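Undergrad: Following this message is one structure expressed as structure tokens.
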Amino acid sequence: MLQRRRATLAASAELAAGGDFMVVQTHATIADLLATPDDGQRHELLRGEIIVSPSPGFLHGKTQGRFSAILTNYADETGLGVVVTESGFRLHRDPDTVLGPDVAFVRADRVPPDADETTYLELAPDLVVEVVSPSNSLAEMHDKVLTYLEAGVRMVLVLEPKRRTVTVHTPDRVSRTLVVGETLDGGAVLPGFSVAIADLFA
Amino acid sequence: MSTTARLMTADEVWALPEDERGELIRGEFRPMPPIDGDHADSTSALIAWLYPWVRANAPGLIGPEIGFRLPGMENVLLAPDVAYVREDRVPPRGQRTGFLSLAPDLAVEVLSPSNTASEMNDKVLLYLEAGTRLVWVVDPRRRSVAVHTPDRLARTLLVGDTLDGGDVLPGLALLVAELFA
């Protein structure tokens with residue numbers, strides 16, 4: 001365990017310097033993920049590998065917070081679903097995959113009534129939002145997007161605060177990149193949801 | 001995402017010794033580090049496949065790491081892993097010295113673990129904004145190819161799919177699996 005903690009710390013230093021996500025344990029299961037001590041970093045499980053991401057920087061958090069607020073307003077007004085930030089979702093068993101997207105939306109009727117703080121929902125969220133950090137490699141982000149879509153997520157939004165773009169990924173594996181001046185439409189996943197790209201990064 | 005102390009121009013990059021050159025994004029110098037085996041494999045497979053096809057079907061310049069000064073952009077100099085330019089857009093053979101001041105018709109980037117999402121998305125948009133008609137982003141680890149077009153749509157192809165050349169290389173059909181065989 002001590003050795004793994006060291007690996008985690010070394011991983012954060014590398015990530016801060018702009019490296020890849022760091023795999024700190026392979027052949028891991030959900031039990032290993034749950035046994036990982038809370039060190040303020042995000043731990044996820046991707047096909048049996050525990051990956052760690054450092055605390056996001058200011059712009060990441062601002063973008064995540066803003067999107068989450070806009071989406072929560074929508075969810076409250078429509079009553080259509082629940083918005084969570086960084087909650088783990090169990091997307092696959094053996095090898096285990098548990099990912100905690102920056103923001104996720106789950107339709108109200110899909111949330112089990114007894115879901116509490118010890119639960120990872122074993123379902124694919126309807127919508128997943130990931131904000132790109134300077135440390136995210138494109139390969140890792142691609143991998144996550146494909147993993148979400150394969151698990152049944154209906155729409156994945158990748159927000160790029162520096163370039164102020166939103167890339168909309170759908171299960172047909174066709175994505176569209178929206179820029180300032182355009183509007184993000186929720187389609188069938190978030191009916192009636194519409195927000196100007198400029199407003200997401202204001 | 002290192003930022004150098006001062007911004008450079010494309011001319012200053014050209015003046016560097018060949019093995020010290022790199023890319024420029026809005027004046028920020030990005031050295032081009034040596035690549036790893038997976039990256040080299042994908043690049044080689046693609047060029048080996050494309051070169052004879054282009055010679056026979058769509059004459060033009062095709063090759064690795066050609067320097068392009070993107071038109072209409074201040075100090076943007078990119079060198080895609082593989083690029084193709086139609087014959088009538090480049091100077092004749094023997095006169096292709098210096099960086100080309102145009103956008104390639106096709107740009108291919110092969111992902112290394114060190115390529116950040118921000119940097120690569122920025123590059124794709126720069127190519128498309130400069131007039132490149134087709135950008136392929138090859139991911140050797142996920143064995144996928146993302147096909148980007150100027151409408152800012154991207155289609156991700158996996159093993160089992162076929163990569164076509166769109167209107168840039170009409171008639172081209174390459175099994176994605178062959179890229180990673």
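Labeling convention for the structure tokens: chains A, B, ... as they appear, residues from 1 per chain, ligands from 1 in order of appearance.
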Show me, as number ranges by chain, the residues of chain B whose atoms get within 8 Å of chain A, using only C-alpha atoms for the distance check.
TA: B: 1, 111-118, 120, 122, 139, 141-142, 152-157
Undergrad: Using only C-alpha atoms, which residues sit within 10 Å of stretch 192-194 of chain A once same-chain residues fewer than 2 positions away are excluded, as a CSV table (one decimal) with N, CA and C atoms, in the first residue's frame?
TA:
chain,number,residue,atom,x,y,z
A,70,ILE,N,-26.0,25.5,-14.8
A,70,ILE,CA,-26.9,25.7,-15.9
A,70,ILE,C,-27.8,24.4,-16.1
A,71,LEU,N,-27.1,23.3,-16.0
A,71,LEU,CA,-27.8,22.0,-16.2
A,71,LEU,C,-28.8,21.7,-15.0
A,74,TYR,N,-31.9,23.6,-15.4
A,74,TYR,CA,-32.7,22.9,-16.4
A,74,TYR,C,-33.4,21.7,-15.8
A,75,ALA,N,-32.7,20.9,-15.0
A,75,ALA,CA,-33.2,19.7,-14.4
A,75,ALA,C,-34.3,20.1,-13.4
A,78,THR,N,-37.5,21.4,-15.3
A,78,THR,CA,-38.2,20.4,-16.1
A,78,THR,C,-38.6,19.2,-15.3
A,183,THR,N,-24.9,27.5,-30.9
A,183,THR,CA,-25.7,27.1,-29.8
A,183,THR,C,-25.7,25.6,-29.5
A,184,LEU,N,-25.6,25.2,-28.3
A,184,LEU,CA,-25.6,23.8,-27.9
A,184,LEU,C,-27.1,23.4,-27.7
A,185,ASP,N,-27.5,22.4,-28.4
A,185,ASP,CA,-28.9,22.0,-28.3
A,185,ASP,C,-28.9,20.6,-27.6
A,186,GLY,N,-29.8,20.4,-26.7
A,186,GLY,CA,-29.9,19.2,-25.9
A,186,GLY,C,-30.4,18.0,-26.6
A,187,GLY,N,-31.1,18.2,-27.8
A,187,GLY,CA,-31.6,17.1,-28.6
A,187,GLY,C,-32.6,16.3,-27.8
A,188,ALA,N,-32.6,15.0,-28.1
A,188,ALA,CA,-33.5,14.1,-27.4
A,188,ALA,C,-33.1,13.7,-26.0
A,189,VAL,N,-31.8,14.0,-25.7
A,189,VAL,CA,-31.3,13.7,-24.3
A,189,VAL,C,-31.8,14.7,-23.3
A,190,LEU,N,-31.7,16.0,-23.7
A,190,LEU,CA,-32.2,17.1,-22.8
A,190,LEU,C,-33.2,17.9,-23.6
A,196,ALA,N,-26.1,29.2,-25.4
A,196,ALA,CA,-25.1,29.7,-26.4
A,196,ALA,C,-23.7,29.3,-25.9
A,197,ILE,N,-22.9,28.9,-26.8
A,197,ILE,CA,-21.5,28.4,-26.4
A,197,ILE,C,-20.8,29.5,-25.6
Undergrad: Just checking: using only C-alpha atoms, which residue out of B:Arg93, B:Tyr127, B:Gly37, B:Ile47 ends up closest to B:Gly63?
TA: B:Ile47
Undergrad: May I ask which of the residues A:Pro125, A:Pro37, A:Pro56, A:Gly48 is the closest one to A:Gly100, counting only C-alpha atoms?
TA: A:Pro125
Undergrad: Would you mind writing down, as a PyMOL selection string, each residue of stretch 51-189 of chain A that DSSP on the backbone assigns to strand (DSSP E)?
TA: chain A and resi 51-53+81-84+89-92+97-99+103-107+127-131+155-160+165-169+174-179+183-185
Undergrad: Go ahead and save the picked residues with N, CA and C atoms, as a CSV table (one decimal), in the first residue's frame.
TA:
chain,number,residue,atom,x,y,z
A,51,ILE,N,-6.9,4.7,-12.4
A,51,ILE,CA,-6.2,5.9,-13.0
A,51,ILE,C,-6.5,7.1,-12.0
A,52,VAL,N,-5.5,8.0,-11.9
A,52,VAL,CA,-5.7,9.1,-11.0
A,52,VAL,C,-5.5,10.4,-11.8
A,53,SER,N,-6.4,11.3,-11.4
A,53,SER,CA,-6.3,12.7,-12.0
A,53,SER,C,-6.1,13.7,-10.9
A,81,GLY,N,-34.6,15.1,-14.6
A,81,GLY,CA,-33.5,14.3,-14.2
A,81,GLY,C,-32.7,14.8,-13.0
A,82,VAL,N,-31.6,14.2,-12.8
A,82,VAL,CA,-30.7,14.5,-11.6
A,82,VAL,C,-29.3,14.8,-12.2
A,83,VAL,N,-28.7,15.9,-11.7
A,83,VAL,CA,-27.4,16.3,-12.1
A,83,VAL,C,-26.4,16.0,-11.0
A,84,VAL,N,-25.3,15.3,-11.3
A,84,VAL,CA,-24.3,15.0,-10.3
A,84,VAL,C,-22.9,15.5,-10.8
A,89,PHE,N,-19.8,6.1,-11.7
A,89,PHE,CA,-20.7,5.2,-12.4
A,89,PHE,C,-20.0,3.9,-12.8
A,90,ARG,N,-20.7,2.8,-12.4
A,90,ARG,CA,-20.1,1.5,-12.7
A,90,ARG,C,-20.6,1.1,-14.1
A,91,LEU,N,-19.7,1.2,-15.1
A,91,LEU,CA,-20.1,1.0,-16.5
A,91,LEU,C,-19.8,-0.4,-17.0
A,92,HIS,N,-19.0,-1.1,-16.4
A,92,HIS,CA,-18.6,-2.5,-16.9
A,92,HIS,C,-18.1,-3.3,-15.8
A,97,THR,N,-15.0,-1.2,-14.8
A,97,THR,CA,-14.8,0.2,-15.2
A,97,THR,C,-15.8,1.1,-14.4
A,98,VAL,N,-15.2,2.0,-13.6
A,98,VAL,CA,-16.0,3.0,-12.9
A,98,VAL,C,-15.4,4.3,-13.2
A,99,LEU,N,-16.2,5.2,-13.9
A,99,LEU,CA,-15.7,6.5,-14.2
A,99,LEU,C,-16.6,7.6,-13.5
A,103,VAL,N,-19.4,16.2,-14.9
A,103,VAL,CA,-20.8,16.4,-14.7
A,103,VAL,C,-21.6,15.3,-15.4
A,104,ALA,N,-22.7,14.8,-14.8
A,104,ALA,CA,-23.5,13.8,-15.5
A,104,ALA,C,-24.9,14.1,-15.2
A,105,PHE,N,-25.8,13.7,-16.1
A,105,PHE,CA,-27.2,13.9,-16.0
A,105,PHE,C,-27.9,12.5,-16.2
A,106,VAL,N,-28.7,12.1,-15.2
A,106,VAL,CA,-29.4,10.8,-15.3
A,106,VAL,C,-30.9,11.1,-15.2
A,107,ARG,N,-31.7,10.6,-16.2
A,107,ARG,CA,-33.1,10.8,-16.2
A,107,ARG,C,-33.7,10.3,-14.9
A,127,LEU,N,-26.3,11.7,-20.0
A,127,LEU,CA,-25.4,12.7,-20.5
A,127,LEU,C,-24.1,12.7,-19.7
A,128,VAL,N,-23.0,12.8,-20.3
A,128,VAL,CA,-21.7,13.0,-19.6
A,128,VAL,C,-21.0,14.2,-20.1
A,129,VAL,N,-20.5,15.0,-19.2
A,129,VAL,CA,-19.7,16.2,-19.6
A,129,VAL,C,-18.3,16.1,-19.0
A,130,GLU,N,-17.3,16.2,-19.9
A,130,GLU,CA,-15.9,16.2,-19.4
A,130,GLU,C,-15.3,17.5,-19.8
A,131,VAL,N,-14.6,18.2,-18.9
A,131,VAL,CA,-13.9,19.4,-19.2
A,131,VAL,C,-12.4,19.1,-19.4
A,155,MET,N,-25.1,10.9,-25.0
A,155,MET,CA,-24.4,12.1,-25.4
A,155,MET,C,-23.3,12.5,-24.5
A,156,VAL,N,-22.1,12.7,-25.1
A,156,VAL,CA,-20.9,13.1,-24.3
A,156,VAL,C,-20.5,14.5,-24.8
A,157,LEU,N,-20.4,15.4,-23.9
A,157,LEU,CA,-19.9,16.7,-24.2
A,157,LEU,C,-18.5,16.9,-23.7
A,158,VAL,N,-17.6,17.3,-24.6
A,158,VAL,CA,-16.2,17.6,-24.2
A,158,VAL,C,-16.0,19.1,-24.3
A,159,LEU,N,-15.9,19.8,-23.1
A,159,LEU,CA,-15.7,21.2,-23.1
A,159,LEU,C,-14.2,21.6,-23.0
A,160,GLU,N,-13.9,22.5,-23.9
A,160,GLU,CA,-12.5,22.9,-24.0
A,160,GLU,C,-12.4,24.4,-23.6
A,165,THR,N,-14.6,25.8,-27.0
A,165,THR,CA,-15.4,24.9,-27.9
A,165,THR,C,-16.1,23.8,-27.1
A,166,VAL,N,-17.1,23.3,-27.6
A,166,VAL,CA,-17.8,22.1,-27.1
A,166,VAL,C,-17.9,21.1,-28.2
A,167,THR,N,-17.4,19.9,-28.0
A,167,THR,CA,-17.5,18.8,-28.9
A,167,THR,C,-18.6,17.9,-28.5
A,168,VAL,N,-19.6,17.7,-29.3
A,168,VAL,CA,-20.8,16.8,-29.0
A,168,VAL,C,-20.6,15.5,-29.6
A,169,HIS,N,-20.5,14.4,-28.8
A,169,HIS,CA,-20.3,13.1,-29.3
A,169,HIS,C,-21.6,12.3,-29.1
A,174,VAL,N,-20.2,10.0,-34.4
A,174,VAL,CA,-20.0,11.2,-35.2
A,174,VAL,C,-20.0,12.4,-34.1
A,175,SER,N,-19.0,13.2,-34.2
A,175,SER,CA,-19.0,14.3,-33.2
A,175,SER,C,-19.0,15.6,-34.0
A,176,ARG,N,-19.5,16.7,-33.3
A,176,ARG,CA,-19.6,18.0,-33.9
A,176,ARG,C,-19.0,19.0,-32.9
A,177,THR,N,-18.0,19.8,-33.4
A,177,THR,CA,-17.4,20.8,-32.6
A,177,THR,C,-18.1,22.1,-32.8
A,178,LEU,N,-18.6,22.7,-31.6
A,178,LEU,CA,-19.3,23.9,-31.7
A,178,LEU,C,-18.4,25.0,-31.2
A,179,VAL,N,-18.5,26.2,-31.8
A,179,VAL,CA,-17.6,27.3,-31.4
A,179,VAL,C,-18.5,28.5,-30.9
A,183,THR,N,-24.9,27.5,-30.9
A,183,THR,CA,-25.7,27.1,-29.8
A,183,THR,C,-25.7,25.6,-29.5
A,184,LEU,N,-25.6,25.2,-28.3
A,184,LEU,CA,-25.6,23.8,-27.9
A,184,LEU,C,-27.1,23.4,-27.7
A,185,ASP,N,-27.5,22.4,-28.4
A,185,ASP,CA,-28.9,22.0,-28.3
A,185,ASP,C,-28.9,20.6,-27.6
Undergrad: Given only C-alpha atoms as the basis, pick out the residue of A:Gln64, A:Tyr120, A:Thr85, A:Asp102 nearest to A:Leu33.
TA: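 Distance minimum relative to A:Leu33 lands on A:Tyr120.
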Undergrad: Excluding same-chain residues fewer than 5 positions from B:Gly131, what lies within 10 Å of it counting only C-alpha atoms, as a ChimeraX atom specification?
TA: /B:70-72,102-106,125-126,150
Undergrad: If you run DSSP on the backbone, which residues of stretch 89-161 of chain B are alpha helix (DSSP H), as a compact mmCIF listing (two decimals) with N, CA and C atoms, in the first residue's frame?
TA:
# COMPACT_ATOMS: atom_id res chain seq x y z
N ALA B 117 -5.09 16.85 -25.19
CA ALA B 117 -6.34 17.04 -25.90
C ALA B 117 -6.46 18.48 -26.40
N SER B 118 -6.07 19.43 -25.54
CA SER B 118 -6.17 20.85 -25.92
C SER B 118 -5.34 21.14 -27.15
N GLU B 119 -4.09 20.69 -27.11
CA GLU B 119 -3.16 20.99 -28.19
C GLU B 119 -3.64 20.36 -29.50
N MET B 120 -4.09 19.11 -29.43
CA MET B 120 -4.46 18.41 -30.65
C MET B 120 -5.76 18.96 -31.23
N ASN B 121 -6.73 19.26 -30.37
CA ASN B 121 -7.98 19.86 -30.87
C ASN B 121 -7.71 21.22 -31.50
N ASP B 122 -6.81 21.97 -30.89
CA ASP B 122 -6.43 23.28 -31.43
C ASP B 122 -5.84 23.11 -32.83
N LYS B 123 -4.93 22.14 -32.97
CA LYS B 123 -4.29 21.91 -34.27
C LYS B 123 -5.31 21.53 -35.33
N VAL B 124 -6.23 20.63 -34.98
CA VAL B 124 -7.25 20.21 -35.95
C VAL B 124 -8.04 21.42 -36.42
N LEU B 125 -8.45 22.28 -35.47
CA LEU B 125 -9.22 23.46 -35.86
C LEU B 125 -8.39 24.41 -36.71
N LEU B 126 -7.11 24.56 -36.38
CA LEU B 126 -6.24 25.43 -37.19
C LEU B 126 -6.15 24.93 -38.64
N TYR B 127 -5.93 23.63 -38.80
CA TYR B 127 -5.88 23.08 -40.17
C TYR B 127 -7.18 23.39 -40.91
N LEU B 128 -8.31 23.09 -40.27
CA LEU B 128 -9.60 23.26 -40.96
C LEU B 128 -9.86 24.72 -41.27
N GLU B 129 -9.52 25.61 -40.32
CA GLU B 129 -9.74 27.04 -40.54
C GLU B 129 -8.85 27.55 -41.67
N ALA B 130 -7.67 26.93 -41.84
CA ALA B 130 -6.74 27.38 -42.88
C ALA B 130 -7.11 26.81 -44.26
Undergrad: I'd like the interatomic distance between atom CA of B:Pro52 and atom CA of B:Leu163, to a tenth of an Å.
TA: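 Separating atom CA of B:Pro52 from atom CA of B:Leu163 is a distance of 16.5 Å.
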Undergrad: Which neighbours of B:Gly22 fall inside 9 Å, counting only C-alpha atoms, when residues of the same chain fewer than 6 positions from it are skipped, and could you give them as a compact mmCIF listing (two decimals) with N, CA, C and O atoms, in the first residue's frame?
TA:
# COMPACT_ATOMS: atom_id res chain seq x y z
N VAL B 13 12.28 29.97 -37.26
CA VAL B 13 12.32 28.50 -37.15
C VAL B 13 13.08 27.91 -38.33
O VAL B 13 13.89 27.00 -38.19
N PHE B 29 6.77 28.29 -29.78
CA PHE B 29 7.56 27.21 -30.35
C PHE B 29 7.28 25.89 -29.65
O PHE B 29 7.26 25.82 -28.43
N ARG B 30 7.01 24.86 -30.43
CA ARG B 30 6.80 23.51 -29.88
C ARG B 30 7.80 22.57 -30.53
O ARG B 30 7.66 22.25 -31.71
N PRO B 31 8.82 22.16 -29.77
CA PRO B 31 9.79 21.24 -30.35
C PRO B 31 9.11 19.94 -30.75
O PRO B 31 8.06 19.59 -30.19
N MET B 32 9.66 19.25 -31.73
CA MET B 32 9.08 17.96 -32.13
C MET B 32 9.95 16.84 -31.59
O MET B 32 11.00 16.54 -32.15
N PRO B 33 9.53 16.24 -30.48
CA PRO B 33 10.37 15.23 -29.84
C PRO B 33 10.40 13.95 -30.67
O PRO B 33 9.48 13.70 -31.46
N GLY B 67 6.82 20.95 -43.47
CA GLY B 67 6.46 22.18 -42.76
C GLY B 67 5.49 23.03 -43.56
O GLY B 67 5.74 23.36 -44.71
N LEU B 77 2.93 27.43 -37.81
CA LEU B 77 3.73 26.54 -38.64
C LEU B 77 3.52 25.13 -38.12
O LEU B 77 3.85 24.84 -36.97
N LEU B 78 2.91 24.28 -38.93
CA LEU B 78 2.61 22.93 -38.47
C LEU B 78 3.25 21.90 -39.39
O LEU B 78 3.40 22.14 -40.59
N ALA B 79 3.62 20.79 -38.81
CA ALA B 79 4.25 19.70 -39.58
C ALA B 79 3.52 18.40 -39.24
O ALA B 79 3.90 17.70 -38.31
Undergrad: If you count only C-alpha atoms, which residues fall within 12 Å of B:Pro92, apart from same-chain ones fewer than 6 positions away, as a list in words?
TA: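 Counting only the stated atoms, we get Pro59, Gly60, Leu61 and Arg86 of chain B.
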Undergrad: For the residues selected in the previous step, produce a file with N, CA and C atoms as a compact mmCIF listing (two decimals), in the first residue's frame.
TA:
# COMPACT_ATOMS: atom_id res chain seq x y z
N PRO B 59 -2.05 12.33 -58.21
CA PRO B 59 -0.69 12.86 -58.13
C PRO B 59 -0.59 14.06 -57.20
N GLY B 60 0.47 14.05 -56.43
CA GLY B 60 0.67 15.14 -55.49
C GLY B 60 1.83 14.83 -54.58
N LEU B 61 2.07 15.74 -53.64
CA LEU B 61 3.15 15.58 -52.68
C LEU B 61 2.61 14.87 -51.45
N ARG B 86 -2.23 18.26 -53.34
CA ARG B 86 -2.45 17.99 -54.77
C ARG B 86 -1.33 18.61 -55.61
Undergrad: State, in Å with one decimal place, the distance from atom CA of B:Leu134 to atom CA of A:Val180.
TA: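 Separation of atom CA of B:Leu134 and atom CA of A:Val180: 22.2 Å.
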Undergrad: Which one is closest to B:Pro64: B:Trp136, B:Phe99, B:Trp14, B:Tyr84? Count only C-alpha atoms.
TA: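 Ranking B:Trp136, B:Phe99, B:Trp14, B:Tyr84 by distance to B:Pro64, first place goes to B:Tyr84.
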